[in-house]
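**Q** First the structure, then my questions, so here it is.
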Amino acid sequence: MTARSEQHPPDAAAALAGLDAESIDLILKHAKLLHFGTEQYLFHQHAPQEAVYFVVSGRVRLERGIGQEPYHLATLGPGAMLGVRLLLGANTYATSARALSPVTALCLERAVLERLTAENPKLYQGLLRLSAQALSDRLAYADHVLMRQEPVFASGKQRTERDSLGERQVPAGAYYGIQTLRAIENFPISGVPIRNFPFLIEALACVKQAAALANQELGLLDRTRADAIVAASQAIREGLLHEHFVVDVIQGGAGTSTNMNANEVIANYGLELLGHARGEYQHLHPLNHVNMSQSTNDVYPTALNIALQFAISQLLDAMQGLATAFSAKGDEFADVIKMGRTQLQDAVPMTLGQEFQTYAVMLHEDMQRLYEASTLIREINMGATAIGTGLNTHPNYAPLVCEKLSEITGIPLTTSPNLIEATQDVGAFVQLSGVLKRVAVKLSKTCSDLRLLSSGPRTGLGEINLPPVQPGSTIMPGKVNPVIPEVVNQVAYEVIGHDVTVTLAAEAGQLQLNAMEPIIAYSLFSSLMHLRNACKTLEERCVRGITANREHLRHLVEHSIGLVTALNPYIGYDNSAAIAKEALETGKGVYELVLEKGLLTQEELENVLDPENMTRPNWLVMPHHEQE
């Protein structure tokens, strides 16, 4: 989908507030009005900077990173100026800008901007002033996030909130509340807020939405409050308010702080939808209404199950892309003969195509195991509340909330037949972690093979060439290293370590609850996202560009002692052993010696060495040779 352009609507000038009337008229005369659909990118990080944008309507998210692991910088609305670094001479975008809803924006292209500002110093000064203010605001926000402080809000005002421990002042502009504020202070552990895991945030919103719908249908929650919770949850699922999910992903309390962060954000956004101020919880309460019929002990693992389904789907897509790339190379190299090796010693001939097809098959096998593991986490414990007895829920709540949740997520979820067992047992997470370790181990083995096969270029195996993606040394000119397989190896080591963490955390569960689920969540999400990124990087930056050194591979086959194994059926064991011994003593090739001794003709030898004959079960009859 591409952005479309049309004539400016009457309210387009509002996006240029802060400029004088003459400058506004000038921009409106030369700017294009573009429309972007939800999830469409206005521009991408590192792409050539071609324009500045002024948002007329809709919401835009600035982010850095790739895949499901972008770092969220800010959510901007009407009046925001994007691409401000262009006025400072930048050639590329520092961030990506993604539409969270349908967006209309004025676009002033680079060439037009440069001409207008050169001709109109007043316009340049006004735009520079707007750029400086935008950069200042965004840097201040980023600085507070990096320093693990709560976000900066323009008003600087605060509101008073209360919980069972007393009163605290919360930034008036924050959608989170007092319990989230306490968690920020209590858990300065990893520096990784839960907003860095968008799938988890979206899954929490799904759970809250399903619970509100179930409670409303059962007559436990009035329609007005239920609609507000559903609308707020839907907004979060669409990408809004993620910057307010600020608690550290590693936390004590079995995920209570994560659950409360979601409860408070949904409650405060819902309050605004109802026409009330944030913090006026008598109208919509984080616990009494948003958390109705729930406990962290069923909300958190259920959200984790759903989020893992989303993340597994992305990893499977990346693995399929990598498998397809290996298979394509297998087809390309189907006629390239080479020596296979066992224990790093010459074994018997094969084709390079067979070697690469093997990597594709290994990935497909692991994809099947990953899919099987994902089915185990479709069983949820919603309705269990504290320990699995369903205390404080309607008798029909558990099956109904599961039905609603399946409809919302599109995942065929089922309610565990024993909620007490399901609340304390994290065996499905252990199973998934083990499969991720399996994927990592085999992917790492593949990358080690690529490094070995490409070693050299003159003093190693030198059978294949990896695409050169960056210079390899600060002291050795011309050196190029296998950096892409190396980084995938390192991701594999990390995933193996995460599996140990999940194993220990699962074992640490006590009686009716496992309080260590936050570190399990962190480990699984990190493994899934890093493996996904590793597969995509390996496919795009390495495998697609691999080439074969065909003549070198053929030379190695002809001079390998291992060739006698393939010739054994045609020249006999004794002749084969004698040829092998003489080849070792004289340095001559097996191919050369067989012809020299007249054991086979060149035509017969070529026939034996044909990839179709040498690399599959086959027995050629040599009319002139009496079999021994």
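Convention: chains lettered A, B, ... in structure tokens order; per-chain residue numbering from 1; ligands numbered from 1 as shown.
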Enumerate, as a list in words, the complete set of residues in region 312-501 of chain A that a backbone-based DSSP assignment places in strand (DSSP E).
**A**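 So, restricting region 312-501 of chain A to strand (DSSP E), we get Ile337, Lys338, Met339, Gly340, Arg341, Thr342, Gln345, Asp346, Ala347, Val348, Pro349, Met350, Thr351, Glu379, Ile380, Thr414, Thr415, Ile464 and Asn465 of chain A.
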**Q** Go ahead and dump the residues you just picked, all heavy atoms, as a tab-separated table (two decimals), in the first residue's frame.
**A**
```
chain	number	residue	atom	x	y	z
A	337	ILE	N	30.28	-31.04	-7.50
A	337	ILE	CA	30.82	-32.19	-6.77
A	337	ILE	C	31.84	-31.73	-5.74
A	337	ILE	O	32.58	-30.77	-5.97
A	337	ILE	CB	31.45	-33.19	-7.76
A	337	ILE	CG1	31.67	-34.54	-7.09
A	337	ILE	CG2	32.71	-32.64	-8.38
A	337	ILE	CD1	30.42	-35.32	-6.88
A	338	LYS	N	31.85	-32.36	-4.58
A	338	LYS	CA	32.81	-32.03	-3.52
A	338	LYS	C	33.06	-33.26	-2.66
A	338	LYS	O	32.39	-34.29	-2.82
A	338	LYS	CB	32.30	-30.88	-2.65
A	338	LYS	CG	31.02	-31.22	-1.88
A	338	LYS	CD	30.82	-30.28	-0.69
A	338	LYS	CE	31.83	-30.56	0.40
A	338	LYS	NZ	31.72	-29.66	1.56
A	339	MET	N	34.02	-33.17	-1.77
A	339	MET	CA	34.27	-34.25	-0.83
A	339	MET	C	33.50	-34.01	0.46
A	339	MET	O	33.55	-32.92	1.04
A	339	MET	CB	35.76	-34.35	-0.50
A	339	MET	CG	36.60	-34.98	-1.60
A	339	MET	SD	36.05	-36.64	-2.07
A	339	MET	CE	36.32	-37.53	-0.53
A	340	GLY	N	32.77	-35.04	0.89
A	340	GLY	CA	32.19	-34.99	2.22
A	340	GLY	C	33.24	-35.31	3.26
A	340	GLY	O	34.30	-35.88	2.93
A	341	ARG	N	33.00	-34.92	4.49
A	341	ARG	CA	33.99	-35.16	5.54
A	341	ARG	C	33.32	-35.70	6.80
A	341	ARG	O	32.20	-35.30	7.14
A	341	ARG	CB	34.73	-33.86	5.89
A	341	ARG	CG	35.57	-33.30	4.75
A	341	ARG	CD	36.27	-32.00	5.17
A	341	ARG	NE	37.05	-31.44	4.08
A	341	ARG	CZ	36.56	-30.65	3.13
A	341	ARG	NH1	35.26	-30.35	3.14
A	341	ARG	NH2	37.33	-30.17	2.18
A	342	THR	N	34.00	-36.61	7.46
A	342	THR	CA	33.60	-37.07	8.79
A	342	THR	C	34.81	-36.92	9.69
A	342	THR	O	35.93	-37.27	9.30
A	342	THR	CB	33.14	-38.54	8.76
A	342	THR	OG1	34.18	-39.35	8.24
A	342	THR	CG2	31.88	-38.69	7.90
A	345	GLN	N	37.95	-35.37	8.38
A	345	GLN	CA	38.79	-36.12	7.46
A	345	GLN	C	37.99	-36.42	6.19
A	345	GLN	O	36.76	-36.54	6.22
A	345	GLN	CB	39.27	-37.43	8.09
A	345	GLN	CG	39.95	-37.26	9.44
A	345	GLN	CD	41.20	-36.40	9.36
A	345	GLN	OE1	42.09	-36.67	8.56
A	345	GLN	NE2	41.26	-35.37	10.19
A	346	ASP	N	38.70	-36.56	5.06
A	346	ASP	CA	38.03	-36.89	3.81
A	346	ASP	C	37.20	-38.15	3.98
A	346	ASP	O	37.67	-39.16	4.50
A	346	ASP	CB	39.05	-37.12	2.69
A	346	ASP	CG	39.80	-35.83	2.33
A	346	ASP	OD1	39.53	-34.80	2.97
A	346	ASP	OD2	40.65	-35.89	1.42
A	347	ALA	N	35.95	-38.09	3.50
A	347	ALA	CA	35.08	-39.26	3.56
A	347	ALA	C	34.78	-39.73	2.13
A	347	ALA	O	35.63	-40.35	1.49
A	347	ALA	CB	33.78	-38.91	4.30
A	348	VAL	N	33.61	-39.41	1.61
A	348	VAL	CA	33.25	-39.81	0.25
A	348	VAL	C	32.63	-38.61	-0.46
A	348	VAL	O	32.22	-37.65	0.18
A	348	VAL	CB	32.26	-40.99	0.26
A	348	VAL	CG1	32.91	-42.22	0.88
A	348	VAL	CG2	30.99	-40.62	1.01
A	349	PRO	N	32.57	-38.65	-1.79
A	349	PRO	CA	32.02	-37.51	-2.53
A	349	PRO	C	30.54	-37.29	-2.28
A	349	PRO	O	29.78	-38.20	-1.94
A	349	PRO	CB	32.29	-37.88	-3.99
A	349	PRO	CG	33.39	-38.89	-3.94
A	349	PRO	CD	33.14	-39.66	-2.69
A	350	MET	N	30.14	-36.04	-2.45
A	350	MET	CA	28.75	-35.64	-2.39
A	350	MET	C	28.65	-34.38	-3.25
A	350	MET	O	29.63	-33.97	-3.86
A	350	MET	CB	28.33	-35.34	-0.94
A	350	MET	CG	29.06	-34.15	-0.33
A	350	MET	SD	28.68	-33.87	1.43
A	350	MET	CE	26.90	-33.65	1.39
A	351	THR	N	27.48	-33.77	-3.29
A	351	THR	CA	27.39	-32.48	-3.97
A	351	THR	C	27.21	-31.37	-2.93
A	351	THR	O	26.69	-31.60	-1.83
A	351	THR	CB	26.21	-32.42	-4.96
A	351	THR	OG1	24.97	-32.46	-4.22
A	351	THR	CG2	26.27	-33.57	-5.95
A	379	GLU	N	-3.24	-23.92	26.07
A	379	GLU	CA	-4.07	-24.21	27.25
A	379	GLU	C	-3.81	-23.13	28.29
A	379	GLU	O	-2.67	-22.88	28.66
A	379	GLU	CB	-3.72	-25.59	27.81
A	379	GLU	CG	-4.57	-25.99	29.00
A	379	GLU	CD	-4.16	-27.36	29.55
A	379	GLU	OE1	-4.50	-28.37	28.89
A	379	GLU	OE2	-3.51	-27.40	30.61
A	380	ILE	N	-4.86	-22.45	28.74
A	380	ILE	CA	-4.71	-21.32	29.65
A	380	ILE	C	-5.40	-21.59	30.98
A	380	ILE	O	-6.22	-22.51	31.10
A	380	ILE	CB	-5.28	-20.02	29.02
A	380	ILE	CG1	-6.77	-20.17	28.75
A	380	ILE	CG2	-4.52	-19.68	27.75
A	380	ILE	CD1	-7.44	-18.90	28.27
A	414	THR	N	-7.80	-23.15	24.94
A	414	THR	CA	-8.65	-24.03	25.75
A	414	THR	C	-8.38	-23.77	27.22
A	414	THR	O	-7.26	-23.40	27.60
A	414	THR	CB	-8.39	-25.51	25.44
A	414	THR	OG1	-7.01	-25.82	25.72
A	414	THR	CG2	-8.68	-25.83	23.99
A	415	THR	N	-9.39	-23.97	28.04
A	415	THR	CA	-9.23	-23.84	29.49
A	415	THR	C	-8.68	-25.14	30.06
A	415	THR	O	-9.17	-26.23	29.72
A	415	THR	CB	-10.57	-23.51	30.15
A	415	THR	OG1	-11.08	-22.28	29.62
A	415	THR	CG2	-10.41	-23.36	31.67
A	464	ILE	N	33.48	-22.39	-0.36
A	464	ILE	CA	32.43	-21.43	-0.69
A	464	ILE	C	32.90	-20.03	-0.32
A	464	ILE	O	33.88	-19.86	0.42
A	464	ILE	CB	31.11	-21.73	0.05
A	464	ILE	CG1	31.31	-21.63	1.58
A	464	ILE	CG2	30.56	-23.10	-0.35
A	464	ILE	CD1	30.02	-21.77	2.37
A	465	ASN	N	32.20	-19.03	-0.85
A	465	ASN	CA	32.49	-17.64	-0.53
A	465	ASN	C	31.26	-17.02	0.11
A	465	ASN	O	30.16	-17.07	-0.46
A	465	ASN	CB	32.85	-16.85	-1.80
A	465	ASN	CG	33.98	-17.50	-2.57
A	465	ASN	OD1	35.08	-17.68	-2.06
A	465	ASN	ND2	33.71	-17.88	-3.82
```
**Q** Could you list, as a list in words, every residue within 10 Å of Thr302 (chain A), counting only C-alpha atoms and ignoring same-chain residues fewer than 5 positions away?
**A** Ala203, Leu204, Cys206, Val207, Thr296, Asn297, Ala307, Leu308, Ile377, Arg378, Glu379, Ile380, Asn381, Met382, Cys402, Leu405, Leu413 and Thr423 of chain A
**Q** Name the residues in contact with region 536-547 of chain A at a cut-off of 7 Å, using only C-alpha atoms, excluding same-chain residues fewer than 2 positions from it; report them as a ChimeraX atom specification.
**A** /A:318,322,325-326,464-467,484-485,532-534,549
**Q** For a test of reading the model, state the distance in Å between CA of Leu271 (chain A) and CA of Val249 (chain A), rounded to one decimal.
**A**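 Going from CA of Leu271 (chain A) over to CA of Val249 (chain A) covers 26.3 Å.
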**Q** Nearest to Thr409 (chain A): which of A:Ile306, A:Leu26, A:Val170, A:Leu363 is it, counting only C-alpha atoms?
**A**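 When distances to Thr409 (chain A) are compared using only C-alpha atoms, the smallest one comes from A:Ile306.
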**Q** Have a look at A:Gln431, A:Ser454, A:Thr375, A:Thr393 and name the one nearest to Met292 (chain A); count only C-alpha atoms.
**A**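 Result for the nearest residue to Met292 (chain A): A:Thr393.
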**Q** To test your reading of the structure, identify every residue in region 429-552 of chain A that backbone DSSP assigns to helix (DSSP H, G or I), and report it as a PyMOL selection string.
**A** chain A and resi 429-453+483-507+517-541+543-545+550-552
**Q** Give me, as a list of chain:residue names, all polymer residues having an atom no more than 6 Å from region 188-197 of chain A, counting only C-alpha atoms and skipping those fewer than 5 positions away in the same chain.
**A**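 Near neighbours after the sequence-gap exclusion: A:His242, A:Phe245, A:Val246, A:Val247, A:Asp248, A:Val249.
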**Q** Extract, using only C-alpha atoms, all DNA, RNA and protein residues at most 8 Å from Ala12 (chain A), discarding same-chain residues fewer than 5 positions from it, and format them as a list of chain:residue names.
**A**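 With the cut-off at 8 Å, the set is A:Leu28, A:Val56, A:Leu106.
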**Q** Using N, CA, C and O atoms, can you export the residues from the last selection as a PDB file, in the first residue's frame?
**A**
```pdb
ATOM      1  N   LEU A  28       1.725  25.394   2.388  1.00  0.00           N
ATOM      2  CA  LEU A  28       0.507  24.802   1.846  1.00  0.00           C
ATOM      3  C   LEU A  28       0.501  24.818   0.326  1.00  0.00           C
ATOM      4  O   LEU A  28      -0.035  23.913  -0.326  1.00  0.00           O
ATOM      5  N   VAL A  56      -1.273  16.085  10.115  1.00  0.00           N
ATOM      6  CA  VAL A  56      -2.556  16.795  10.131  1.00  0.00           C
ATOM      7  C   VAL A  56      -3.552  16.044  11.004  1.00  0.00           C
ATOM      8  O   VAL A  56      -4.270  16.640  11.810  1.00  0.00           O
ATOM      9  N   LEU A 106       1.164  16.583   5.782  1.00  0.00           N
ATOM     10  CA  LEU A 106       1.746  17.435   4.753  1.00  0.00           C
ATOM     11  C   LEU A 106       3.185  17.002   4.529  1.00  0.00           C
ATOM     12  O   LEU A 106       3.929  16.801   5.494  1.00  0.00           O
TER      13      LEU A 106
END
```
**Q** What's around region 560-566 of chain A at 10 Å? Count only C-alpha atoms, leave out sequence neighbours fewer than 6 positions away in its own chain, and write the answer as an MDAnalysis selection string.
**A** chainID A and resid 338:341 345:349 554 572:573 575:584 588:591 594 608:609 613:615
**Q** Output C-alpha atoms for every residue in the selection just made, as an mmCIF file, in the first residue's frame.
**A**
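Saved result, selection.cif, follows:
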```cif
data_model
loop_
_atom_site.group_PDB
_atom_site.id
_atom_site.type_symbol
_atom_site.label_atom_id
_atom_site.label_comp_id
_atom_site.auth_asym_id
_atom_site.auth_seq_id
_atom_site.Cartn_x
_atom_site.Cartn_y
_atom_site.Cartn_z
ATOM 1 C CA LYS A 338 32.814 -32.026 -3.519
ATOM 2 C CA MET A 339 34.271 -34.253 -0.828
ATOM 3 C CA GLY A 340 32.187 -34.987 2.220
ATOM 4 C CA ARG A 341 33.991 -35.157 5.541
ATOM 5 C CA GLN A 345 38.792 -36.117 7.457
ATOM 6 C CA ASP A 346 38.031 -36.885 3.809
ATOM 7 C CA ALA A 347 35.077 -39.261 3.560
ATOM 8 C CA VAL A 348 33.251 -39.805 0.246
ATOM 9 C CA PRO A 349 32.025 -37.507 -2.531
ATOM 10 C CA ARG A 554 36.462 -30.535 -8.251
ATOM 11 C CA GLY A 572 38.459 -53.737 -6.358
ATOM 12 C CA TYR A 573 39.574 -53.352 -2.774
ATOM 13 C CA ASN A 575 43.682 -51.945 -6.226
ATOM 14 C CA SER A 576 41.933 -49.207 -4.246
ATOM 15 C CA ALA A 577 44.230 -49.708 -1.246
ATOM 16 C CA ALA A 578 47.325 -49.674 -3.483
ATOM 17 C CA ILE A 579 46.172 -46.483 -5.216
ATOM 18 C CA ALA A 580 45.523 -44.811 -1.857
ATOM 19 C CA LYS A 581 48.965 -45.752 -0.549
ATOM 20 C CA GLU A 582 50.764 -44.549 -3.672
ATOM 21 C CA ALA A 583 48.796 -41.308 -3.719
ATOM 22 C CA LEU A 584 49.873 -40.577 -0.150
ATOM 23 C CA LYS A 588 49.716 -37.754 -7.047
ATOM 24 C CA GLY A 589 45.936 -37.623 -7.318
ATOM 25 C CA VAL A 590 43.735 -40.726 -7.228
ATOM 26 C CA TYR A 591 42.157 -39.682 -10.521
ATOM 27 C CA VAL A 594 43.723 -44.705 -11.912
ATOM 28 C CA VAL A 608 31.763 -42.803 -11.935
ATOM 29 C CA LEU A 609 32.479 -39.211 -10.888
ATOM 30 C CA ASN A 613 26.078 -41.602 -10.019
ATOM 31 C CA MET A 614 28.354 -40.754 -7.102
ATOM 32 C CA THR A 615 25.920 -39.155 -4.677
#
```
**Q** So, with only C-alpha atoms as the atoms that count, which of A:Thr358, A:Asn568, A:Thr75, A:Asn288 lies closest to Asn215 (chain A)?
**A**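 Of A:Thr358, A:Asn568, A:Thr75, A:Asn288, the one nearest Asn215 (chain A) is A:Asn288, counting only C-alpha atoms.
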**Q** Please indicate the distance in Å from CA of Arg110 (chain A) to CA of Ala51 (chain A), rounded to one decimal place.
**A**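 According to the coordinates, CA of Arg110 (chain A) and CA of Ala51 (chain A) are separated by 4.8 Å.
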